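Below is one structure, written out as structure tokens; the observations come after it.
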Amino acid sequence: MTTVRALITVAVKKGWDIFQLDVNNAFLHGDLYEEVYMEVPPDLLIDHSNSHKMTSSSTIFVAVYVDDVIVTGTDSAEIANLKAFLDKQFRIKDLGKLHYFLGLEVLYKSDGVLVSQRKFALDLLKEYDCFAYNNLSSPLDPSLKLKANEGTLLPDTTYYRKLIGKMNFLTNTRLDITYSVQLLSQFMQAPRDTHLTAAFHLFRYLMKDPTLGIFFSNSADCSIYAYCDSDWASCPDSRRSITGYIVLVGDSPISWKSKKQETNLLIIS
């Protein structure tokens, strides 16, 4: 997702058109039982799912996830030629300008692009019957300190794990819940009723505005900025600190994370 966000950010700042393609028969090929060797063309550089072709006059980027493809770059004619070539080789469907990719909804504005997971968030709230409750203004109760062994064990751990897994996917566009989801993820091994209550508190926060997302501005600033911070031994069970970071291209966020530190803090009194 960081690759996708970075690609969209750069395209928006450079004023490039972003197109989406779909491979029609991606799942119709038979299973392979032989080793397959591929040779990369000399002018094509590949980094996992992201490829780019650079010449003296143009730059084209291609991002691929299974059968979904994003294409952007400086030369519209080169992009059209690439589409024709891919269609000849794989039978692709040209979906036009990028609007929906891997659950990310793209809304074009005069000053940039807004990327959200509105449909996913609404479906999630509906799945867990949250619309009957009032919304809340904070992701978690700030006075609550969740502990691993406090509360009653849930009879069905799968329910909690599935719920948190879906929330984790939502952090692809919701920086504001990253810390809360990281905290709730710590209890997936043996979730308790207190943890589930906190998870539904987070749901009620999402109800306040499920359309929130991240904004990629079209300002020309492509400088890389990174910020990090940590709290002070906030975990009541392990006394470990939580570290958080965010990376921006100009004023557009492309990568962020909240994670418990791996080592304990030694306090000497």
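Chain lettering (A, B, ...) mirrors the order of the structure tokens, residue numbering begins at 1 for each chain separately, and ligand numbering begins at 1 in order of display.
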
- Query: If you count only C-alpha atoms, which residues fall within 9 Å of Phe200 of chain A, apart from same-chain ones fewer than 4 positions away, as a list in words?
  - Reply: Tyr128, Cys130, His195, Leu196, Arg204 and Tyr205 of chain A

Once you have the residues from the selection above, write them out as a PDB file, in the first residue's frame, restricted to C-alpha atoms.
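Output contents, as saved in part.pdb:
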ATOM      1  CA  TYR A 128     -21.331  -5.332  13.130  1.00  0.00           C
ATOM      2  CA  CYS A 130     -23.179  -0.270  14.759  1.00  0.00           C
ATOM      3  CA  HIS A 195     -10.939  -5.721  24.571  1.00  0.00           C
ATOM      4  CA  LEU A 196     -14.106  -6.298  22.559  1.00  0.00           C
ATOM      5  CA  ARG A 204     -18.588   4.185  17.283  1.00  0.00           C
ATOM      6  CA  TYR A 205     -15.759   6.640  16.598  1.00  0.00           C
TER       7      TYR A 205
END

- segment 38-190 of chain A: residues DSSP assigns to alpha helix (DSSP H), reported as an MDAnalysis selection string: chainID A and resid 76:90 118:127 157:170 178:185

- Item | Residue neighbourhood Leu104 of chain A, 7 Å, only C-alpha atoms, exclusion window fewer than 3 positions, as a VMD selection string | chain A and resid 100 to 101 115 to 117

- Query: Can you tell me, as a PyMOL selection string, what residues are no more than 10 Å from segment 161-164 of chain A when counting only C-alpha atoms, ignoring any on the same chain fewer than 2 positions away?
  - Reply: chain A and resi 124+127-128+156-159+166-170+181-182+184-185+187-191+196+199-200

Keeping only N, CA and C atoms, write the selected residues as a short mmCIF file (atom, residue, chain, number, x, y, z; two decimals), in the first residue's frame.
data_model
loop_
_atom_site.label_atom_id
_atom_site.label_comp_id
_atom_site.auth_asym_id
_atom_site.auth_seq_id
_atom_site.Cartn_x
_atom_site.Cartn_y
_atom_site.Cartn_z
N LEU A 124 -18.41 -2.30 6.99
CA LEU A 124 -17.93 -2.81 8.26
C LEU A 124 -18.88 -2.43 9.40
N GLU A 127 -22.00 -4.51 9.04
CA GLU A 127 -21.78 -5.92 9.39
C GLU A 127 -21.86 -6.15 10.90
N TYR A 128 -21.35 -5.18 11.67
CA TYR A 128 -21.33 -5.33 13.13
C TYR A 128 -22.44 -4.53 13.82
N ASP A 156 -15.48 -17.13 21.63
CA ASP A 156 -15.13 -17.26 20.21
C ASP A 156 -14.04 -16.26 19.86
N THR A 157 -12.81 -16.71 19.85
CA THR A 157 -11.68 -15.80 19.56
C THR A 157 -11.66 -15.38 18.10
N THR A 158 -12.24 -16.20 17.23
CA THR A 158 -12.25 -15.89 15.79
C THR A 158 -13.01 -14.60 15.51
N TYR A 159 -14.07 -14.37 16.24
CA TYR A 159 -14.89 -13.16 16.05
C TYR A 159 -14.04 -11.91 16.27
N LYS A 166 -10.05 -6.64 10.01
CA LYS A 166 -10.72 -5.71 9.10
C LYS A 166 -10.39 -4.26 9.47
N MET A 167 -10.31 -3.99 10.78
CA MET A 167 -9.92 -2.65 11.21
C MET A 167 -8.50 -2.33 10.75
N ASN A 168 -7.64 -3.33 10.79
CA ASN A 168 -6.25 -3.12 10.37
C ASN A 168 -6.19 -2.74 8.90
N PHE A 169 -7.03 -3.34 8.07
CA PHE A 169 -7.08 -2.98 6.65
C PHE A 169 -7.52 -1.54 6.47
N LEU A 170 -8.38 -1.08 7.36
CA LEU A 170 -8.89 0.29 7.28
C LEU A 170 -7.81 1.33 7.59
N VAL A 181 -5.80 0.57 16.71
CA VAL A 181 -5.83 -0.77 16.12
C VAL A 181 -4.59 -1.56 16.55
N GLN A 182 -3.43 -0.88 16.60
CA GLN A 182 -2.22 -1.55 17.08
C GLN A 182 -2.39 -2.04 18.50
N LEU A 184 -5.27 -2.77 20.10
CA LEU A 184 -6.23 -3.86 20.16
C LEU A 184 -5.68 -5.14 19.54
N SER A 185 -4.73 -5.02 18.62
CA SER A 185 -4.13 -6.19 17.98
C SER A 185 -3.28 -7.00 18.94
N PHE A 187 -4.06 -8.18 21.70
CA PHE A 187 -4.84 -9.13 22.48
C PHE A 187 -5.51 -10.20 21.63
N MET A 188 -5.05 -10.39 20.41
CA MET A 188 -5.70 -11.34 19.50
C MET A 188 -5.47 -12.79 19.92
N GLN A 189 -4.40 -13.06 20.66
CA GLN A 189 -4.12 -14.43 21.10
C GLN A 189 -5.16 -14.92 22.10
N ALA A 190 -5.54 -14.04 23.05
CA ALA A 190 -6.53 -14.41 24.06
C ALA A 190 -7.41 -13.21 24.37
N PRO A 191 -8.30 -12.83 23.45
CA PRO A 191 -9.13 -11.64 23.64
C PRO A 191 -10.16 -11.81 24.75
N LEU A 196 -13.03 -6.40 23.54
CA LEU A 196 -14.11 -6.30 22.56
C LEU A 196 -14.90 -5.02 22.77
N ALA A 199 -13.03 -2.30 21.24
CA ALA A 199 -13.12 -2.37 19.78
C ALA A 199 -14.41 -1.72 19.29
N PHE A 200 -15.51 -1.95 20.01
CA PHE A 200 -16.78 -1.34 19.61
C PHE A 200 -16.80 0.15 19.91
#

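Proximity of A:Thr211, A:Ser258, A:Asn149, A:Ser252 to Ser230 of chain A, computed with only C-alpha atoms, is greatest for A:Ser258.
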
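Nearest-residue note for Arg174 of chain A: choosing from A:Ser255, A:Thr243, A:Ser137, A:Ser219, the minimum distance belongs to A:Ser255, counting only C-alpha atoms.
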
- Long-range neighbours of Leu248 of chain A as a ChimeraX atom specification, 7 Å cut-off, only C-alpha atoms, 6 positions minimum in chain: /A:224-226,254

With only C-alpha atoms counted and 12 Å as the cut-off, give the residues of segment 225-250 of chain A in contact with segment 3-24 of chain A, each with its shortest interatomic distance in Å and the pair that gives it, as CSV.
residue,atom,partner,partner_atom,distance
A:Val247,CA,A:Ala6,CA,10.2
A:Leu248,CA,A:Ala6,CA,9.1
A:Val249,CA,A:Thr9,CA,7.4
A:Gly250,CA,A:Lys13,CA,9.3

- Write down as JSON, numbers by chain the residues of segment 21-259 of chain A whose backbone DSSP state falls under strand (DSSP E). {"A": [21, 22, 23, 44, 45, 46, 47, 50, 51, 52, 53, 54, 59, 60, 61, 62, 63, 64, 65, 68, 69, 70, 71, 72, 73, 92, 93, 94, 95, 96, 97, 100, 101, 104, 105, 106, 107, 108, 109, 112, 113, 114, 115, 116, 213, 214, 215, 216, 217, 224, 225, 226, 227, 228, 229, 230, 242, 243, 244, 245, 246, 247, 248, 249, 252, 253, 254, 255, 256, 257, 258, 259]}

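Among the candidates A:Ala220, A:Leu202, A:Leu144, A:Leu183, the one nearest to Ser241 of chain A when counting only C-alpha atoms is A:Leu183.
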
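Reported to one decimal place, the separation of atom CA of Ser58 of chain A from atom CA of Lys88 of chain A is 22.4 Å.
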